[in-house]
Amino acid sequence: MQAAAMMERRPEEVGEILVKVQEDLRQLRDRLVHQVGHGEGQYAEVIDLKALENAIERTEVGVKGRTHDVLRMINNKVQTLPAVDFTGATPQPRYPEMAPYEQYDPRLGGQSQLIIRPPKRADSRLLARRPVAQLTQLTRNLQGGGPLTEAPGQMTKLDMSMKAVVNPENTQTRQVMSDSYGIQLPLINKRETKQPSPSKLMKGTTVDHLAVLPRSNRVDPQIPPPPIADRDARKGILSLMERGLIPPAAELTLDPSPVKHRVAPLHDPAEMFQPKKAGADPTLDGRFNLAQVKLDVSSNKSLDSMDTKKPEKTPQTADSRVTKTPLQVKTFEAQLQPLPPPTTPASTVNFKRSGHRFAIQNGGIRDTAPDFVAFRQHYVLSWGSIITALEHLLRLLRDFAVPLAFINGDKLADLALEFELEKAPTKENLLSVIVNRDDVEAILRRPGRRFLGPDGEHVAAAKIQAMWKRYTARSSYVSYRQRKWAAGVIAISWIMNIKMAKIRKQLKETRLYELESYRRRRKVFSDSWDRIKQSRRTIIHIPSLGYSQAVRDSIKDFGIKQNTQMSRLCDLRDPQVDVIYVSPVEMSEEMLQYYSKLLGLRPAVESGAVEDQSDMQDRYKIVVPEAFDKFPSHSMCLATHLKYSPQALQRIRNLIKGKEAYIVPGVLHKDDLAVSQILDVPILGSEPEVGHLYTTKSGSKRIFASAKVDTPPGEYDIYSLQQLHESLALLVTENLNVRRWLFKLDDEYMGRGIAYCNVIEHLNCYKWAMKEQLRYGEKWSKKWAHEPALIKIQAEIPDILDQFGVPANRKRFPTWDKFLEAFLSQGGIIEACPPSESVTTLSADMLIEPTGKIRMIANGDQIKAEGPFVSWGLSVPQSSVEPQVLNECCMRIGESCRTRGVLGYFSVDFVTFIDPKTMEQVLWATDLNLSYGDSTGMRELMLYVTSGTFDAGNCVIQAPPLAKKEKKDGRRRRGDEEEQPPTPLPRYAVMSTQLLHSNLTVIHYSVFFQMCRAHGIGFDIKEKQGTVFTLLDSFKREHIGMLTVGESLQGALATFARNMSVIHQEISAPNMQGETNFKAAISDIEGILGTTIQNVEREQQEVEAQEEEEEKQQQQGLGGT
């Protein structure tokens, strides 16, 4: 703006500069041209070309700077445009290289501006050679003025002329444009309208009302419309259709049609392969028609190889301004113009020429090309915005060194209007105006193409710098993020460590306080136990399995396993006892009704009359902790769930308020002490640490050793592989008669952590060792005699275990390696398997009261169904060992437990067999469980439904006798004058809580009991024998418990097996595959029955033989007398 203002104030500077340039060029010519002698007096002109070029370049820079100022000043002047349809000859500028062209600039309020093309380098040189007069006149013509110093009158006239040019409505505009510039403006007849006075306010509508159809036509559309007047017809077809004068469904035909049809020229395919004629490029000639272009699509020649030589200048003729058709090559098709609506009359004047195409070659445009000139003249009104968009397009093509691109001028104009006042067009927008877009995009996508442009080196350098800076910044940022993350992890870990240490400390203090409270309450409990047993009391049963987390996670259906002791409710057989049972599963209404009826049988059992049943619901309550829904998948024991169930704890607290109460736990857990602390009631059980220590296999061995009871040969507290091999080799050497050795994990239950190996069968030196034992005789018990055999056996033990070690539970430990890993991680024992084919396993349930009194409450022979090491059920009472021997062993073990602080219920497992050497019965203690067992609960159920008692000294169960019926005849035997007291009835029972059948899921309990009733499965209250079930789960219903009571052991076993067989047949089908242990249990019971029958027959034979001997002795005595 400052340069333009300076140029307006001092226009004579241009002429002075050009005069000075001419004088400098003349002096330069004189200096450069000098005389040089050649021969005798010959002179020739020699020109220093390098110096000339340097001088011309300096001059060109100066002239170019001032020329840009002149152009900028001239471009800001407003000029007018010629008529669109003007075809007359226009005056040509005297200097074509600086011919101005007009551009429409919307920022000037609809006015146009005159732009002079900057001269090229060659043009500048020509300009420098022109005389001063011509340059001065050129300057005046460019600025639109006269001489360098005009008179005031001329200046006023010039201003009036410029005002006329600026105002198109001025009547002098056509004359001034014709006189000054030789431009003939079109004559536009415009009707003058009277402008209202600004002082008066116009009111009302300024738009004429549209004519409407008559009322008759609006009421009845079928009536023909009225005729159309000329005034209505002049308003257009669309107006007629909107007013209803033309029906909407009418078919309209425009005459003449706006669509023109013409035959398209087709070229001969043979011309495609004809060589191009030599000469100038026809595409740059103004006489060339783009519709006649043919491209060889099969040729591999690139557009880059096209000839770009400057075409020869030819005068333009009228033929060169014909309308050009779109270029028909490849898939480059011109965008179809939308047809006018059918109601719009065809335009008679072609205001927008179609097909404005021009080429951009090597990032430049030939300004004199006819196509570009026609495009510029057509869009001269919006040339300002077009040139801006064109500059963006040229910059894009120049930066990527695109050799040739064909531009659709119409799309470029539309793009320029769209982005005139908005942000710069994107690459996608610029590519949309290119006809050969696919080729250009292929070039743009080539790697490194951006660096082939004019400033490619700078762009490449900038790119390299940017990538390097990005790499260094990214590396620094990543390193910073890593350090920050590490610092955060360290800080969080430290904070968590501090908080966890604080919480551990608080938990430790809480545990110690709970343990001290437990010991305090235990002391008070032991002092008042005799009084509590004789008074009204409430027993809180919590059948929790407080094993380690790893064991709990490995137990399937852990909640159901904890609920196998539902028979604890039968403590109600003592009229002084109320029961609160904490259930680990949800109880359905069907289960609640069953146990209500079962517990209501007690009065009927005592009286023998079915009608004496009563409701016992006021004496027992079943509480389900609400925390089961909060921890569904954590495998938490029942005591932990109850600890986090405030509602259940509050209910229990309300139920025991003001009453004597104590807790009977299952496998003790630390949370049992917390529950005891919350409820403020004692626990009939040991400390958790004591219970876990002596429940392990190694801990039980310590108890048995202190009790001085017989145990299998073995070794305990084994925690390393070397210790395992050495201990096993030593045991095998000392006990060559033991064929199988057992390996038991310390922390497992129900025989899951057992493996075995038949070492002798795979021992190569076994025969040699037996010879050594025979050779040493009685001295074989000495350690020194074992050394040779021990060395050989120990060398073979590792390979034997790796090849022939077998886990008993394949589901828990699939391979020996898995078992060995668990064995070494938690420790275990090695134990000899009894050296006999007939081995009986039995268990005894004991109770250590708070006062220290020890008594046996139940015993029985175990039934094996799921394996030789898993107890599936019991036959009560036991009949394998003499009662006195069993009682003596149990009392010793109980005394040893009491001295170690054990309290409450526990059970001891034994094995008995006939020693093949001495042929005497041997009793080994094998396992110890310091918890309330399933057999203890089933024993309570048996005594509840039979009203019987258990005689531990004689190992018998006695039920009250049946009521005698009065005889019809009054005869009495001799000596029966006094009635004898009735003798109790012996009873035997078979019980199990491990019955599993997956097909039980498909039937409800009501249907199940109907099926049992139909097959005669039930309990006889009068006879006090039959079958009773315990329901364990109300959802899956796969697990169930069963108790069978009979007059004899054989009868009870047979009834139990028959019941399982009937149930299995009723709920199974050939196509129903499920999981069950019924078949294995039936098979084991049949084996026990066979053994029992043989024992009975042997006993009968012995009795008969003894009776015969007594008779013989009596006869011999009589004969002697």
# chains A, B, ... in the order shown; residues from 1 in each chain; ligands from 1

call {"tool": "select_by_dssp", "arguments": {"residues": "range 991-1093 of chain A", "states": "strand (DSSP E)", "output": "ChimeraX atom specification"}}
result
/A:991-996,1019-1020,1025-1031,1039-1046

call {"tool": "closest_residue", "arguments": {"among": "A:Asn497, A:Ser385, A:Gln723, A:Gln222", "to": "Ile797 in chain A", "atoms": "only C-alpha atoms"}}
result
A:Gln723

call {"tool": "residues_around", "arguments": {"residues": "range 889-899 of chain A", "least_positions_apart": "2", "cutoff": "8 Å", "atoms": "only C-alpha atoms", "output": "list in words"}}
result
Ile703, Phe704, Ser706, Ala707, Lys708, Val709, Ala844, Met846, Ile848, Gly852, Ile854, Arg855, Met856, Val885, Leu886, Asn887, Gly901, Val902, Leu903 and Val908 of chain A

call {"tool": "residues_around", "arguments": {"residues": "range 1088-1093 of chain A", "least_positions_apart": "6", "cutoff": "10 Å", "atoms": "only C-alpha atoms", "output": "PyMOL selection string"}}
result
chain A and resi 838+840+863+875+879+1049-1054+1057+1082+1099

call {"tool": "write_last_selection", "arguments": {"atoms": "C-alpha atoms", "output": "JSON list (two decimals), in the first residue's frame"}}
result
[["chain", "number", "residue", "atom", "x", "y", "z"],
["A", 838, "SER", "CA", -7.64, -108.50, 52.61],
["A", 840, "THR", "CA", -10.26, -103.42, 56.22],
["A", 863, "ILE", "CA", -16.92, -98.45, 52.32],
["A", 875, "SER", "CA", -21.26, -99.46, 58.12],
["A", 879, "SER", "CA", -17.27, -105.39, 63.24],
["A", 1049, "LEU", "CA", -25.45, -105.77, 59.11],
["A", 1050, "GLN", "CA", -26.15, -107.99, 56.10],
["A", 1051, "GLY", "CA", -29.73, -106.72, 55.90],
["A", 1052, "ALA", "CA", -28.65, -103.08, 56.11],
["A", 1053, "LEU", "CA", -25.98, -103.54, 53.41],
["A", 1054, "ALA", "CA", -28.41, -105.38, 51.13],
["A", 1057, "ALA", "CA", -27.34, -101.65, 47.66],
["A", 1082, "ILE", "CA", -22.80, -101.29, 44.79],
["A", 1099, "GLU", "CA", -18.81, -118.40, 63.02]]

call {"tool": "residues_around", "arguments": {"residues": "Gly873 in chain A", "least_positions_apart": "3", "cutoff": "10 Å", "atoms": "only C-alpha atoms", "output": "list in words"}}
result
Gly860, Asp861, Gln862, Ile863, Lys864, Ala865, Val870, Val876, Asp934, Ser935, Val990, Met991, Ser992, Thr993, Gln994, Leu995, Gly1041, Met1042, Leu1043 and Ala1081 of chain A

call {"tool": "residues_around", "arguments": {"residues": "Glu514 in chain A", "least_positions_apart": "6", "cutoff": "7 Å", "atoms": "only C-alpha atoms", "output": "JSON list (two decimals) with N, CA, C and O atoms, in the first residue's frame"}}
result
[["chain", "number", "residue", "atom", "x", "y", "z"],
["A", 673, "LEU", "N", -12.54, -67.72, 64.83],
["A", 673, "LEU", "CA", -12.28, -66.94, 66.03],
["A", 673, "LEU", "C", -12.89, -65.55, 65.92],
["A", 673, "LEU", "O", -13.39, -65.00, 66.91],
["A", 674, "ALA", "N", -12.87, -64.98, 64.69],
["A", 674, "ALA", "CA", -13.48, -63.66, 64.51],
["A", 674, "ALA", "C", -14.98, -63.73, 64.73],
["A", 674, "ALA", "O", -15.58, -62.84, 65.36],
["A", 677, "GLN", "N", -15.61, -63.98, 68.32],
["A", 677, "GLN", "CA", -15.41, -62.69, 68.97],
["A", 677, "GLN", "C", -16.62, -61.79, 68.76],
["A", 677, "GLN", "O", -17.05, -61.08, 69.67]]

call {"tool": "closest_residue", "arguments": {"among": "A:Leu642, A:Leu404, A:Leu679, A:Val582", "to": "Lys621 in chain A", "atoms": "only C-alpha atoms"}}
result
A:Val582

call {"tool": "closest_residue", "arguments": {"among": "A:Pro256, A:Gly691, A:Gly714, A:Gly1026", "to": "Thr1044 in chain A", "atoms": "only C-alpha atoms"}}
result
A:Gly1026

call {"tool": "select_by_dssp", "arguments": {"residues": "range 939-1099 of chain A", "states": "helix (DSSP H, G or I)", "output": "PyMOL selection string"}}
result
chain A and resi 939-946+998-1002+1005-1014+1049-1067+1078-1099

call {"tool": "decode", "arguments": {"residues": "range 1026-1090 of chain A", "atoms": "C-alpha atoms", "output": "CSV table (one decimal), in the first residue's frame"}}
result
chain,number,residue,atom,x,y,z
A,1026,GLY,CA,-35.7,-98.4,56.8
A,1027,THR,CA,-34.1,-95.6,54.7
A,1028,VAL,CA,-33.7,-91.9,55.3
A,1029,PHE,CA,-32.3,-89.3,52.9
A,1030,THR,CA,-30.4,-86.1,53.5
A,1031,LEU,CA,-30.8,-83.4,50.9
A,1032,LEU,CA,-27.7,-81.3,50.3
A,1033,ASP,CA,-28.4,-79.0,47.4
A,1034,SER,CA,-31.6,-77.4,46.1
A,1035,PHE,CA,-30.3,-76.3,42.7
A,1036,LYS,CA,-28.1,-78.9,41.0
A,1037,ARG,CA,-29.5,-81.8,43.1
A,1038,GLU,CA,-26.7,-84.1,42.0
A,1039,HIS,CA,-25.5,-84.9,45.6
A,1040,ILE,CA,-27.5,-86.7,48.2
A,1041,GLY,CA,-27.0,-88.5,51.5
A,1042,MET,CA,-28.6,-91.8,52.5
A,1043,LEU,CA,-29.0,-93.7,55.8
A,1044,THR,CA,-30.2,-97.3,55.9
A,1045,VAL,CA,-31.1,-99.0,59.3
A,1046,GLY,CA,-31.6,-102.7,59.6
A,1047,GLU,CA,-31.8,-105.5,62.2
A,1048,SER,CA,-28.5,-107.0,60.9
A,1049,LEU,CA,-25.5,-105.8,59.1
A,1050,GLN,CA,-26.2,-108.0,56.1
A,1051,GLY,CA,-29.7,-106.7,55.9
A,1052,ALA,CA,-28.7,-103.1,56.1
A,1053,LEU,CA,-26.0,-103.5,53.4
A,1054,ALA,CA,-28.4,-105.4,51.1
A,1055,THR,CA,-31.1,-102.7,51.6
A,1056,PHE,CA,-28.6,-99.9,50.9
A,1057,ALA,CA,-27.3,-101.7,47.7
A,1058,ARG,CA,-30.9,-102.4,46.5
A,1059,ASN,CA,-31.9,-98.7,47.0
A,1060,MET,CA,-29.0,-97.5,44.9
A,1061,SER,CA,-29.7,-100.0,42.2
A,1062,VAL,CA,-33.4,-99.0,42.0
A,1063,ILE,CA,-32.6,-95.3,41.9
A,1064,HIS,CA,-30.0,-95.8,39.3
A,1065,GLN,CA,-32.3,-97.8,37.1
A,1066,GLU,CA,-35.2,-95.3,37.4
A,1067,ILE,CA,-33.2,-92.1,36.6
A,1068,SER,CA,-30.8,-93.6,34.0
A,1069,ALA,CA,-31.4,-94.5,30.4
A,1070,PRO,CA,-29.2,-96.0,27.7
A,1071,ASN,CA,-28.9,-92.6,26.0
A,1072,MET,CA,-28.3,-90.7,29.2
A,1073,GLN,CA,-24.6,-90.3,30.0
A,1074,GLY,CA,-23.8,-88.9,33.3
A,1075,GLU,CA,-21.4,-89.0,36.2
A,1076,THR,CA,-22.2,-91.4,39.1
A,1077,ASN,CA,-20.5,-93.4,41.8
A,1078,PHE,CA,-23.5,-95.7,42.4
A,1079,LYS,CA,-22.1,-98.7,40.4
A,1080,ALA,CA,-18.7,-98.6,42.3
A,1081,ALA,CA,-20.5,-98.4,45.6
A,1082,ILE,CA,-22.8,-101.3,44.8
A,1083,SER,CA,-19.8,-103.4,43.7
A,1084,ASP,CA,-17.9,-102.7,47.0
A,1085,ILE,CA,-21.0,-103.4,49.1
A,1086,GLU,CA,-21.5,-106.7,47.4
A,1087,GLY,CA,-17.9,-107.6,48.2
A,1088,ILE,CA,-18.5,-106.7,51.8
A,1089,LEU,CA,-21.7,-108.7,51.8
A,1090,GLY,CA,-19.8,-111.8,50.5
